[in-house]
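Chemist: Got a structure for you, written out below as structure tokens; questions coming shortly.
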Amino acid sequence: MVSVMLPLAAAEQYNTSQRDANIPPPFTPPLSARCQNLPPKPPAPLLSSNERLFFGQHENNMADVVVKPQVGGGGGIVIDDDWPGYSLDLFSYPAHYSGDLDCVVVPHGVIMDRTERLARNIMDDLGDHDIVVLCVLKGGYQFCVDLVDKIKALSCNSNRTLPMRVHFIRLKSYLNDLSTEDLHIVGAEDLSFLAGKNVLIVEAIVGTGKTMKALLKHVESFSPKLIKVAGLLVKRVPHNSTCLPDYVGFEIPDRFVVGYALDYNEYFRDLNHICVISESGKTKYKI
């Protein structure tokens with residue numbers, strides 16, 4: 001026979017027999033609720049670890065993060081300029097980068113959650129239409145892989161589908177931490193197969209927009225039917241052009257970030273989180 005203990009009786013037993021053992025009392029409805037025969041208000045739901053970290057529910061990391069729409073309706077999570085980021089002590093990262101990073105800007109779990117949301121937006125806009133995914137290497141490969149995986153999962157578990165082909169091109173415009181005017185496009189010499197196609201360009205980060213503007217002009221020369229751009233990060237920089245992605249993951253301050261396939265002279269691609277590189281890290285890997 002199983003006995004059921006009422007909340008009030010449980011509390012009385014705690015007071016008499018378990019107080020000295022420092023065992024927390026069971027949840028008991030407030031007296032006002034019990035007297036009025038009202039259902040007790042349950043404890044507040046717990047946030048997931050990703051939500052708790054990203055929205056600042058850590059005692060040492062109070063984030064000021066807001067969501068506001070971007071041009072084109074893609075939306076994006078905006079990280080304010082004065083936000084210090086997360087302490088590296090909260091996360092695991094390769095030991096060989098010890099001392100090379102200042103903070104974590106976007107944890108890997110939050111990247112994945114946001115990527116899933118972007119995949120849903122893309123499916124809503126382009127579902128049931130064949131698309132060609134144009135992945136911008138090298139920094140965009142991880143975002144592209146994860147985004148395509150999320151779209152594939154949606155295609156398998158909904159009444160809509162999005163047939164995809166993936167093509168890779170490589171852009172290079174950085175020397176150390178500075179963007180140069182010399183833009184190299186590798187693998188985009190002949191994109192004639194894009195004629196009449198719906199194209200989704202997947203890029204990891206958009207800064208001034210000059211590189212993206214040049215790429216769009218090049219792709220448009222092959223007469224695709226439609227061009228959309230998905231950018232994981234948009235950096236707030238002086239003289240930012242109006243060439244913003246249609247689908248934006250995060251809008252970040254003008255700081256040099258690495259990780260999640262973003263590099264500094266080919267280093268940090270093996271870092272899961274998006275982090276700010278330290279000055280000592282820049283000096284260490286400078287060429």
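As shown in the structure tokens, the chain order sets the letters A, B, ...; within each chain, residues go from 1, and ligands are also counted from 1 in the order they appear.
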Would you give me, as CSV, each residue of range 127-153 of chain A having an atom within 7 Å of an atom of range 201-208 of chain A, along with its shortest atom pair and that distance in Å to one decimal, using only C-alpha atoms and sorting by chain and residue number?

Modeler:
residue,atom,partner,partner_atom,distance
A:Val133,CA,A:Ile201,CA,5.9
A:Leu134,CA,A:Ile201,CA,4.6
A:Cys135,CA,A:Val202,CA,5.0
A:Val136,CA,A:Glu203,CA,5.4
A:Gly139,CA,A:Ala204,CA,5.9
A:Gly140,CA,A:Ala204,CA,4.4
A:Phe143,CA,A:Ala204,CA,6.4
A:Cys144,CA,A:Val202,CA,6.1

Chemist: Can those selected residues be exported to a file as an mmCIF file, in the first residue's frame so that it contains N, CA and C atoms?

Modeler:
data_model
loop_
_atom_site.group_PDB
_atom_site.id
_atom_site.type_symbol
_atom_site.label_atom_id
_atom_site.label_comp_id
_atom_site.auth_asym_id
_atom_site.auth_seq_id
_atom_site.Cartn_x
_atom_site.Cartn_y
_atom_site.Cartn_z
ATOM 1 N N VAL A 133 22.742 26.035 -53.468
ATOM 2 C CA VAL A 133 23.415 26.654 -52.322
ATOM 3 C C VAL A 133 24.848 26.967 -52.733
ATOM 4 N N LEU A 134 25.210 28.233 -52.649
ATOM 5 C CA LEU A 134 26.557 28.671 -53.000
ATOM 6 C C LEU A 134 27.295 28.956 -51.702
ATOM 7 N N CYS A 135 28.130 28.027 -51.290
ATOM 8 C CA CYS A 135 28.844 28.135 -50.018
ATOM 9 C C CYS A 135 30.136 28.917 -50.214
ATOM 10 N N VAL A 136 30.318 29.968 -49.407
ATOM 11 C CA VAL A 136 31.505 30.812 -49.502
ATOM 12 C C VAL A 136 32.563 30.282 -48.541
ATOM 13 N N GLY A 139 35.580 30.351 -44.535
ATOM 14 C CA GLY A 139 34.917 30.620 -43.269
ATOM 15 C C GLY A 139 33.470 30.186 -43.195
ATOM 16 N N GLY A 140 32.808 30.032 -44.348
ATOM 17 C CA GLY A 140 31.391 29.702 -44.329
ATOM 18 C C GLY A 140 31.077 28.232 -44.348
ATOM 19 N N PHE A 143 29.036 26.831 -41.122
ATOM 20 C CA PHE A 143 27.675 27.371 -41.109
ATOM 21 C C PHE A 143 26.852 26.750 -42.229
ATOM 22 N N CYS A 144 27.450 26.603 -43.399
ATOM 23 C CA CYS A 144 26.735 26.017 -44.532
ATOM 24 C C CYS A 144 26.354 24.564 -44.258
#

Chemist: How close does each residue of range 79-104 of chain A get to range 247-263 of chain A, giving the shortest atom pair and distance in Å to one decimal for every residue with an atom at most 7 Å away, counting only C-alpha atoms, sorted by chain and residue number, as a tab-separated table?

Modeler:
residue	atom	partner	partner_atom	distance
A:Ile79	CA	A:Ile252	CA	5.2
A:Asp80	CA	A:Pro253	CA	6.6
A:Asp81	CA	A:Pro253	CA	5.0

Chemist: Please produce a file of those selected residues containing N, CA, C and O atoms, as a compact mmCIF listing (two decimals), in the first residue's frame.

Modeler:
# COMPACT_ATOMS: atom_id res chain seq x y z
N ILE A 79 23.73 42.07 -30.69
CA ILE A 79 24.60 42.09 -29.51
C ILE A 79 25.20 43.48 -29.41
O ILE A 79 25.89 43.94 -30.32
N ASP A 80 24.93 44.16 -28.32
CA ASP A 80 25.31 45.56 -28.16
C ASP A 80 26.83 45.75 -28.11
O ASP A 80 27.58 44.85 -27.72
N ASP A 81 27.26 46.97 -28.46
CA ASP A 81 28.69 47.28 -28.51
C ASP A 81 29.37 47.18 -27.16
O ASP A 81 30.55 46.81 -27.08

Chemist: Taking into account only C-alpha atoms, which residue in the set A:Val148, A:Leu215, A:Leu162, A:Ile227 is nearest to Met112 in chain A?

Modeler: A:Val148

Chemist: Given only C-alpha atoms, how would the per-residue table for range 94-139 of chain A near range 233-236 of chain A read, listing every residue at most 12 Å away with its closest atom pair and distance in Å to one decimal, sorted by chain and number, as a tab-separated table?

Modeler:
residue	atom	partner	partner_atom	distance
A:Val105	CA	A:Leu233	CA	11.1
A:Val106	CA	A:Leu233	CA	10.2
A:Ile111	CA	A:Leu233	CA	10.2
A:Arg114	CA	A:Leu233	CA	11.1
A:Thr115	CA	A:Leu233	CA	11.2
A:Gly139	CA	A:Leu233	CA	11.2

Chemist: Mind writing the picked residues with N, CA and C atoms as a PDB file, in the first residue's frame?

Modeler:
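Result file follows (selection28.pdb):
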ATOM      1  N   VAL A 105      31.774  35.230 -27.715  1.00  0.00           N
ATOM      2  CA  VAL A 105      30.701  36.118 -28.160  1.00  0.00           C
ATOM      3  C   VAL A 105      29.407  35.341 -28.353  1.00  0.00           C
ATOM      4  N   VAL A 106      29.471  34.230 -29.073  1.00  0.00           N
ATOM      5  CA  VAL A 106      28.291  33.396 -29.290  1.00  0.00           C
ATOM      6  C   VAL A 106      28.674  31.936 -29.038  1.00  0.00           C
ATOM      7  N   ILE A 111      24.533  29.118 -31.520  1.00  0.00           N
ATOM      8  CA  ILE A 111      24.693  29.142 -32.979  1.00  0.00           C
ATOM      9  C   ILE A 111      23.768  28.102 -33.618  1.00  0.00           C
ATOM     10  N   ARG A 114      20.061  29.117 -33.408  1.00  0.00           N
ATOM     11  CA  ARG A 114      19.750  30.199 -34.349  1.00  0.00           C
ATOM     12  C   ARG A 114      19.762  29.688 -35.792  1.00  0.00           C
ATOM     13  N   THR A 115      20.683  28.776 -36.107  1.00  0.00           N
ATOM     14  CA  THR A 115      20.756  28.200 -37.449  1.00  0.00           C
ATOM     15  C   THR A 115      19.478  27.441 -37.783  1.00  0.00           C
ATOM     16  N   GLY A 139      35.580  30.351 -44.535  1.00  0.00           N
ATOM     17  CA  GLY A 139      34.917  30.620 -43.269  1.00  0.00           C
ATOM     18  C   GLY A 139      33.470  30.186 -43.195  1.00  0.00           C
TER      19      GLY A 139
END

Chemist: How would you write, as a list in words, the set of residues in range 116-179 of chain A that DSSP gives as alpha helix (DSSP H)?

Modeler: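 Answer for range 116-179 of chain A restricted to alpha helix (DSSP H) is Glu116, Arg117, Leu118, Ala119, Arg120, Asn121, Ile122, Met123, Asp124, Asp125, Leu126, Tyr141, Gln142, Phe143, Cys144, Val145, Asp146, Leu147, Val148, Asp149, Lys150, Ile151, Lys152, Ala153, Leu154, Ser155 and Cys156 of chain A.
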
Chemist: The selected residues should be written to file as an mmCIF file, in the first residue's frame (atoms: N, CA, C and O atoms).

Modeler:
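File produced: again.cif:
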data_model
loop_
_atom_site.group_PDB
_atom_site.id
_atom_site.type_symbol
_atom_site.label_atom_id
_atom_site.label_comp_id
_atom_site.auth_asym_id
_atom_site.auth_seq_id
_atom_site.Cartn_x
_atom_site.Cartn_y
_atom_site.Cartn_z
ATOM 1 N N GLU A 116 18.929 26.744 -36.807
ATOM 2 C CA GLU A 116 17.672 26.031 -37.031
ATOM 3 C C GLU A 116 16.540 27.010 -37.356
ATOM 4 O O GLU A 116 15.703 26.752 -38.221
ATOM 5 N N ARG A 117 16.524 28.145 -36.662
ATOM 6 C CA ARG A 117 15.495 29.149 -36.937
ATOM 7 C C ARG A 117 15.651 29.719 -38.348
ATOM 8 O O ARG A 117 14.662 29.924 -39.069
ATOM 9 N N LEU A 118 16.893 29.970 -38.765
ATOM 10 C CA LEU A 118 17.135 30.466 -40.114
ATOM 11 C C LEU A 118 16.697 29.437 -41.159
ATOM 12 O O LEU A 118 16.149 29.797 -42.203
ATOM 13 N N ALA A 119 16.949 28.166 -40.872
ATOM 14 C CA ALA A 119 16.528 27.110 -41.799
ATOM 15 C C ALA A 119 15.013 27.118 -41.967
ATOM 16 O O ALA A 119 14.495 26.931 -43.083
ATOM 17 N N ARG A 120 14.286 27.340 -40.891
ATOM 18 C CA ARG A 120 12.829 27.398 -40.967
ATOM 19 C C ARG A 120 12.377 28.607 -41.807
ATOM 20 O O ARG A 120 11.440 28.516 -42.595
ATOM 21 N N ASN A 121 13.061 29.735 -41.619
ATOM 22 C CA ASN A 121 12.711 30.918 -42.412
ATOM 23 C C ASN A 121 12.949 30.673 -43.897
ATOM 24 O O ASN A 121 12.156 31.077 -44.753
ATOM 25 N N ILE A 122 14.071 30.035 -44.207
ATOM 26 C CA ILE A 122 14.391 29.733 -45.604
ATOM 27 C C ILE A 122 13.372 28.753 -46.189
ATOM 28 O O ILE A 122 12.921 28.904 -47.334
ATOM 29 N N MET A 123 12.995 27.762 -45.400
ATOM 30 C CA MET A 123 11.994 26.806 -45.861
ATOM 31 C C MET A 123 10.658 27.494 -46.125
ATOM 32 O O MET A 123 9.973 27.210 -47.124
ATOM 33 N N ASP A 124 10.289 28.428 -45.250
ATOM 34 C CA ASP A 124 9.027 29.164 -45.451
ATOM 35 C C ASP A 124 9.053 29.969 -46.748
ATOM 36 O O ASP A 124 8.037 30.072 -47.444
ATOM 37 N N ASP A 125 10.208 30.551 -47.067
ATOM 38 C CA ASP A 125 10.311 31.409 -48.254
ATOM 39 C C ASP A 125 10.536 30.631 -49.547
ATOM 40 O O ASP A 125 10.015 31.008 -50.605
ATOM 41 N N LEU A 126 11.327 29.577 -49.472
ATOM 42 C CA LEU A 126 11.780 28.902 -50.690
ATOM 43 C C LEU A 126 11.331 27.453 -50.801
ATOM 44 O O LEU A 126 11.708 26.766 -51.759
ATOM 45 N N TYR A 141 32.096 27.362 -44.370
ATOM 46 C CA TYR A 141 31.798 25.947 -44.582
ATOM 47 C C TYR A 141 31.032 25.338 -43.415
ATOM 48 O O TYR A 141 30.096 24.550 -43.616
ATOM 49 N N GLN A 142 31.370 25.683 -42.175
ATOM 50 C CA GLN A 142 30.696 25.076 -41.033
ATOM 51 C C GLN A 142 29.248 25.544 -40.925
ATOM 52 O O GLN A 142 28.332 24.747 -40.687
ATOM 53 N N PHE A 143 29.036 26.831 -41.122
ATOM 54 C CA PHE A 143 27.675 27.371 -41.109
ATOM 55 C C PHE A 143 26.852 26.750 -42.229
ATOM 56 O O PHE A 143 25.688 26.383 -42.032
ATOM 57 N N CYS A 144 27.450 26.603 -43.399
ATOM 58 C CA CYS A 144 26.735 26.017 -44.532
ATOM 59 C C CYS A 144 26.354 24.564 -44.258
ATOM 60 O O CYS A 144 25.217 24.150 -44.510
ATOM 61 N N VAL A 145 27.290 23.786 -43.724
ATOM 62 C CA VAL A 145 27.010 22.379 -43.416
ATOM 63 C C VAL A 145 25.855 22.267 -42.424
ATOM 64 O O VAL A 145 24.912 21.483 -42.622
ATOM 65 N N ASP A 146 25.908 23.054 -41.370
ATOM 66 C CA ASP A 146 24.862 22.975 -40.351
ATOM 67 C C ASP A 146 23.523 23.487 -40.869
ATOM 68 O O ASP A 146 22.470 22.925 -40.555
ATOM 69 N N LEU A 147 23.550 24.555 -41.675
ATOM 70 C CA LEU A 147 22.314 25.088 -42.232
ATOM 71 C C LEU A 147 21.666 24.089 -43.185
ATOM 72 O O LEU A 147 20.449 23.858 -43.134
ATOM 73 N N VAL A 148 22.460 23.482 -44.052
ATOM 74 C CA VAL A 148 21.935 22.485 -44.991
ATOM 75 C C VAL A 148 21.370 21.284 -44.231
ATOM 76 O O VAL A 148 20.312 20.750 -44.588
ATOM 77 N N ASP A 149 22.060 20.853 -43.162
ATOM 78 C CA ASP A 149 21.557 19.743 -42.356
ATOM 79 C C ASP A 149 20.202 20.070 -41.733
ATOM 80 O O ASP A 149 19.300 19.227 -41.690
ATOM 81 N N LYS A 150 20.050 21.309 -41.244
ATOM 82 C CA LYS A 150 18.774 21.705 -40.641
ATOM 83 C C LYS A 150 17.668 21.741 -41.701
ATOM 84 O O LYS A 150 16.529 21.340 -41.432
ATOM 85 N N ILE A 151 17.993 22.213 -42.901
ATOM 86 C CA ILE A 151 16.996 22.255 -43.975
ATOM 87 C C ILE A 151 16.609 20.834 -44.387
ATOM 88 O O ILE A 151 15.424 20.537 -44.623
ATOM 89 N N LYS A 152 17.591 19.938 -44.457
ATOM 90 C CA LYS A 152 17.301 18.540 -44.802
ATOM 91 C C LYS A 152 16.375 17.907 -43.773
ATOM 92 O O LYS A 152 15.456 17.152 -44.130
ATOM 93 N N ALA A 153 16.625 18.201 -42.501
ATOM 94 C CA ALA A 153 15.773 17.651 -41.451
ATOM 95 C C ALA A 153 14.343 18.150 -41.589
ATOM 96 O O ALA A 153 13.381 17.383 -41.417
ATOM 97 N N LEU A 154 14.178 19.420 -41.924
ATOM 98 C CA LEU A 154 12.838 19.966 -42.125
ATOM 99 C C LEU A 154 12.160 19.333 -43.341
ATOM 100 O O LEU A 154 10.952 19.090 -43.336
ATOM 101 N N SER A 155 12.944 19.070 -44.377
ATOM 102 C CA SER A 155 12.390 18.449 -45.583
ATOM 103 C C SER A 155 11.880 17.036 -45.306
ATOM 104 O O SER A 155 10.944 16.563 -45.951
ATOM 105 N N CYS A 156 12.506 16.377 -44.355
ATOM 106 C CA CYS A 156 12.124 14.996 -44.020
ATOM 107 C C CYS A 156 10.967 14.932 -43.036
ATOM 108 O O CYS A 156 10.345 13.867 -42.889
#

Chemist: Which of range 76-200 of chain A counts as strand (DSSP E) under DSSP, as a PDB file with N, CA and C atoms, in the first residue's frame please?

Modeler:
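Here's the written file selection.pdb:
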ATOM      1  N   GLY A  76      17.512  39.454 -36.834  1.00  0.00           N
ATOM      2  CA  GLY A  76      18.817  39.094 -36.327  1.00  0.00           C
ATOM      3  C   GLY A  76      18.907  39.406 -34.852  1.00  0.00           C
ATOM      4  N   ILE A  77      19.663  38.610 -34.108  1.00  0.00           N
ATOM      5  CA  ILE A  77      19.890  38.870 -32.696  1.00  0.00           C
ATOM      6  C   ILE A  77      21.014  39.889 -32.592  1.00  0.00           C
ATOM      7  N   VAL A  78      20.715  41.029 -31.979  1.00  0.00           N
ATOM      8  CA  VAL A  78      21.654  42.143 -31.927  1.00  0.00           C
ATOM      9  C   VAL A  78      22.420  42.114 -30.606  1.00  0.00           C
ATOM     10  N   ILE A  79      23.734  42.066 -30.687  1.00  0.00           N
ATOM     11  CA  ILE A  79      24.596  42.095 -29.512  1.00  0.00           C
ATOM     12  C   ILE A  79      25.200  43.484 -29.409  1.00  0.00           C
ATOM     13  N   LEU A 101      42.537  34.280 -26.648  1.00  0.00           N
ATOM     14  CA  LEU A 101      41.155  34.736 -26.784  1.00  0.00           C
ATOM     15  C   LEU A 101      40.782  35.664 -25.639  1.00  0.00           C
ATOM     16  N   ASP A 102      39.897  36.621 -25.934  1.00  0.00           N
ATOM     17  CA  ASP A 102      39.406  37.534 -24.903  1.00  0.00           C
ATOM     18  C   ASP A 102      38.125  37.027 -24.248  1.00  0.00           C
ATOM     19  N   CYS A 103      37.188  36.555 -25.063  1.00  0.00           N
ATOM     20  CA  CYS A 103      35.889  36.142 -24.530  1.00  0.00           C
ATOM     21  C   CYS A 103      35.136  35.346 -25.587  1.00  0.00           C
ATOM     22  N   VAL A 104      34.050  34.732 -25.169  1.00  0.00           N
ATOM     23  CA  VAL A 104      33.132  34.048 -26.080  1.00  0.00           C
ATOM     24  C   VAL A 104      32.006  35.014 -26.421  1.00  0.00           C
ATOM     25  N   VAL A 105      31.774  35.230 -27.715  1.00  0.00           N
ATOM     26  CA  VAL A 105      30.701  36.118 -28.160  1.00  0.00           C
ATOM     27  C   VAL A 105      29.407  35.341 -28.353  1.00  0.00           C
ATOM     28  N   VAL A 106      29.471  34.230 -29.073  1.00  0.00           N
ATOM     29  CA  VAL A 106      28.291  33.396 -29.290  1.00  0.00           C
ATOM     30  C   VAL A 106      28.674  31.936 -29.038  1.00  0.00           C
ATOM     31  N   ILE A 131      16.859  24.810 -55.263  1.00  0.00           N
ATOM     32  CA  ILE A 131      17.820  25.888 -55.054  1.00  0.00           C
ATOM     33  C   ILE A 131      19.236  25.359 -55.225  1.00  0.00           C
ATOM     34  N   VAL A 132      20.115  26.280 -55.549  1.00  0.00           N
ATOM     35  CA  VAL A 132      21.543  25.996 -55.567  1.00  0.00           C
ATOM     36  C   VAL A 132      22.164  26.767 -54.401  1.00  0.00           C
ATOM     37  N   VAL A 133      22.742  26.035 -53.468  1.00  0.00           N
ATOM     38  CA  VAL A 133      23.415  26.654 -52.322  1.00  0.00           C
ATOM     39  C   VAL A 133      24.848  26.967 -52.733  1.00  0.00           C
ATOM     40  N   LEU A 134      25.210  28.233 -52.649  1.00  0.00           N
ATOM     41  CA  LEU A 134      26.557  28.671 -53.000  1.00  0.00           C
ATOM     42  C   LEU A 134      27.295  28.956 -51.702  1.00  0.00           C
ATOM     43  N   CYS A 135      28.130  28.027 -51.290  1.00  0.00           N
ATOM     44  CA  CYS A 135      28.844  28.135 -50.018  1.00  0.00           C
ATOM     45  C   CYS A 135      30.136  28.917 -50.214  1.00  0.00           C
ATOM     46  N   VAL A 136      30.318  29.968 -49.407  1.00  0.00           N
ATOM     47  CA  VAL A 136      31.505  30.812 -49.502  1.00  0.00           C
ATOM     48  C   VAL A 136      32.563  30.282 -48.541  1.00  0.00           C
ATOM     49  N   LEU A 137      33.646  29.752 -49.104  1.00  0.00           N
ATOM     50  CA  LEU A 137      34.753  29.218 -48.318  1.00  0.00           C
ATOM     51  C   LEU A 137      35.775  30.309 -48.016  1.00  0.00           C
ATOM     52  N   MET A 164      18.093  20.589 -52.976  1.00  0.00           N
ATOM     53  CA  MET A 164      19.276  21.447 -52.967  1.00  0.00           C
ATOM     54  C   MET A 164      20.440  20.815 -53.703  1.00  0.00           C
ATOM     55  N   ARG A 165      21.190  21.669 -54.387  1.00  0.00           N
ATOM     56  CA  ARG A 165      22.525  21.330 -54.873  1.00  0.00           C
ATOM     57  C   ARG A 165      23.493  22.307 -54.224  1.00  0.00           C
ATOM     58  N   VAL A 166      24.685  21.857 -53.946  1.00  0.00           N
ATOM     59  CA  VAL A 166      25.656  22.698 -53.238  1.00  0.00           C
ATOM     60  C   VAL A 166      26.892  22.893 -54.105  1.00  0.00           C
ATOM     61  N   HIS A 167      27.293  24.136 -54.246  1.00  0.00           N
ATOM     62  CA  HIS A 167      28.507  24.485 -54.975  1.00  0.00           C
ATOM     63  C   HIS A 167      29.366  25.363 -54.074  1.00  0.00           C
ATOM     64  N   PHE A 168      30.690  25.250 -54.232  1.00  0.00           N
ATOM     65  CA  PHE A 168      31.608  25.960 -53.351  1.00  0.00           C
ATOM     66  C   PHE A 168      32.449  26.968 -54.130  1.00  0.00           C
ATOM     67  N   ILE A 169      32.583  28.143 -53.549  1.00  0.00           N
ATOM     68  CA  ILE A 169      33.516  29.141 -54.066  1.00  0.00           C
ATOM     69  C   ILE A 169      34.336  29.652 -52.890  1.00  0.00           C
ATOM     70  N   ARG A 170      35.470  30.230 -53.208  1.00  0.00           N
ATOM     71  CA  ARG A 170      36.338  30.735 -52.143  1.00  0.00           C
ATOM     72  C   ARG A 170      36.626  32.215 -52.356  1.00  0.00           C
ATOM     73  N   LEU A 171      36.449  32.986 -51.287  1.00  0.00           N
ATOM     74  CA  LEU A 171      36.787  34.404 -51.297  1.00  0.00           C
ATOM     75  C   LEU A 171      37.925  34.649 -50.321  1.00  0.00           C
ATOM     76  N   LYS A 172      38.818  35.535 -50.699  1.00  0.00           N
ATOM     77  CA  LYS A 172      39.898  35.914 -49.798  1.00  0.00           C
ATOM     78  C   LYS A 172      40.148  37.409 -49.927  1.00  0.00           C
ATOM     79  N   SER A 173      39.948  38.125 -48.810  1.00  0.00           N
ATOM     80  CA  SER A 173      40.148  39.573 -48.850  1.00  0.00           C
ATOM     81  C   SER A 173      40.826  40.104 -47.589  1.00  0.00           C
ATOM     82  N   TYR A 174      41.250  39.191 -46.677  1.00  0.00           N
ATOM     83  CA  TYR A 174      41.866  39.623 -45.420  1.00  0.00           C
ATOM     84  C   TYR A 174      43.348  39.296 -45.386  1.00  0.00           C
ATOM     85  N   LEU A 175      44.127  40.214 -44.795  1.00  0.00           N
ATOM     86  CA  LEU A 175      45.520  39.979 -44.441  1.00  0.00           C
ATOM     87  C   LEU A 175      45.634  40.302 -42.966  1.00  0.00           C
ATOM     88  N   LEU A 178      42.976  42.752 -41.196  1.00  0.00           N
ATOM     89  CA  LEU A 178      42.566  43.889 -42.011  1.00  0.00           C
ATOM     90  C   LEU A 178      41.987  43.419 -43.340  1.00  0.00           C
ATOM     91  N   SER A 179      40.864  44.029 -43.728  1.00  0.00           N
ATOM     92  CA  SER A 179      40.262  43.742 -45.025  1.00  0.00           C
ATOM     93  C   SER A 179      40.991  44.553 -46.089  1.00  0.00           C
ATOM     94  N   THR A 180      41.337  43.903 -47.189  1.00  0.00           N
ATOM     95  CA  THR A 180      42.057  44.568 -48.266  1.00  0.00           C
ATOM     96  C   THR A 180      41.121  44.797 -49.447  1.00  0.00           C
ATOM     97  N   GLU A 181      41.555  45.657 -50.356  1.00  0.00           N
ATOM     98  CA  GLU A 181      40.775  45.924 -51.565  1.00  0.00           C
ATOM     99  C   GLU A 181      40.935  44.820 -52.601  1.00  0.00           C
ATOM    100  N   ASP A 182      41.924  43.948 -52.378  1.00  0.00           N
ATOM    101  CA  ASP A 182      42.235  42.895 -53.343  1.00  0.00           C
ATOM    102  C   ASP A 182      41.374  41.671 -53.054  1.00  0.00           C
ATOM    103  N   LEU A 183      40.310  41.483 -53.799  1.00  0.00           N
ATOM    104  CA  LEU A 183      39.386  40.375 -53.595  1.00  0.00           C
ATOM    105  C   LEU A 183      39.663  39.271 -54.603  1.00  0.00           C
ATOM    106  N   HIS A 184      39.880  38.080 -54.089  1.00  0.00           N
ATOM    107  CA  HIS A 184      40.104  36.916 -54.950  1.00  0.00           C
ATOM    108  C   HIS A 184      38.891  35.999 -54.863  1.00  0.00           C
ATOM    109  N   ILE A 185      38.325  35.634 -56.020  1.00  0.00           N
ATOM    110  CA  ILE A 185      37.204  34.692 -56.080  1.00  0.00           C
ATOM    111  C   ILE A 185      37.700  33.453 -56.815  1.00  0.00           C
ATOM    112  N   VAL A 186      37.730  32.334 -56.088  1.00  0.00           N
ATOM    113  CA  VAL A 186      38.221  31.079 -56.651  1.00  0.00           C
ATOM    114  C   VAL A 186      37.042  30.122 -56.798  1.00  0.00           C
ATOM    115  N   ASN A 198      17.313  29.345 -58.626  1.00  0.00           N
ATOM    116  CA  ASN A 198      17.200  30.039 -57.347  1.00  0.00           C
ATOM    117  C   ASN A 198      18.488  29.785 -56.566  1.00  0.00           C
ATOM    118  N   VAL A 199      19.155  30.844 -56.162  1.00  0.00           N
ATOM    119  CA  VAL A 199      20.474  30.725 -55.548  1.00  0.00           C
ATOM    120  C   VAL A 199      20.426  31.227 -54.099  1.00  0.00           C
ATOM    121  N   LEU A 200      20.992  30.447 -53.212  1.00  0.00           N
ATOM    122  CA  LEU A 200      21.150  30.854 -51.818  1.00  0.00           C
ATOM    123  C   LEU A 200      22.640  30.920 -51.508  1.00  0.00           C
TER     124      LEU A 200
END

Chemist: Which residue, A:Lys213, A:Asp130, A:His96, A:Gly109, has the smallest gap to Lys284 in chain A when you use only C-alpha atoms?

Modeler: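 Closest residue, counting only C-alpha atoms: A:His96.
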
Chemist: What gap, in Å, lies between CA of Pro224 in chain A and CA of Thr211 in chain A?

Modeler: 19.1 Å

Chemist: So how far away is CA of Gly281 in chain A from CA of His108 in chain A, in Å?

Modeler: 20.7 Å

Chemist: For a test of reading the model, state the distance in Å between CA of Cys275 in chain A and CA of Pro84 in chain A, rounded to one decimal.

Modeler: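 The value is 11.2 Å.
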
Chemist: Nearest to Asp113 in chain A: which of A:Val237, A:Leu232, A:Ala195, A:Ala214 is it, counting only C-alpha atoms?

Modeler: A:Leu232
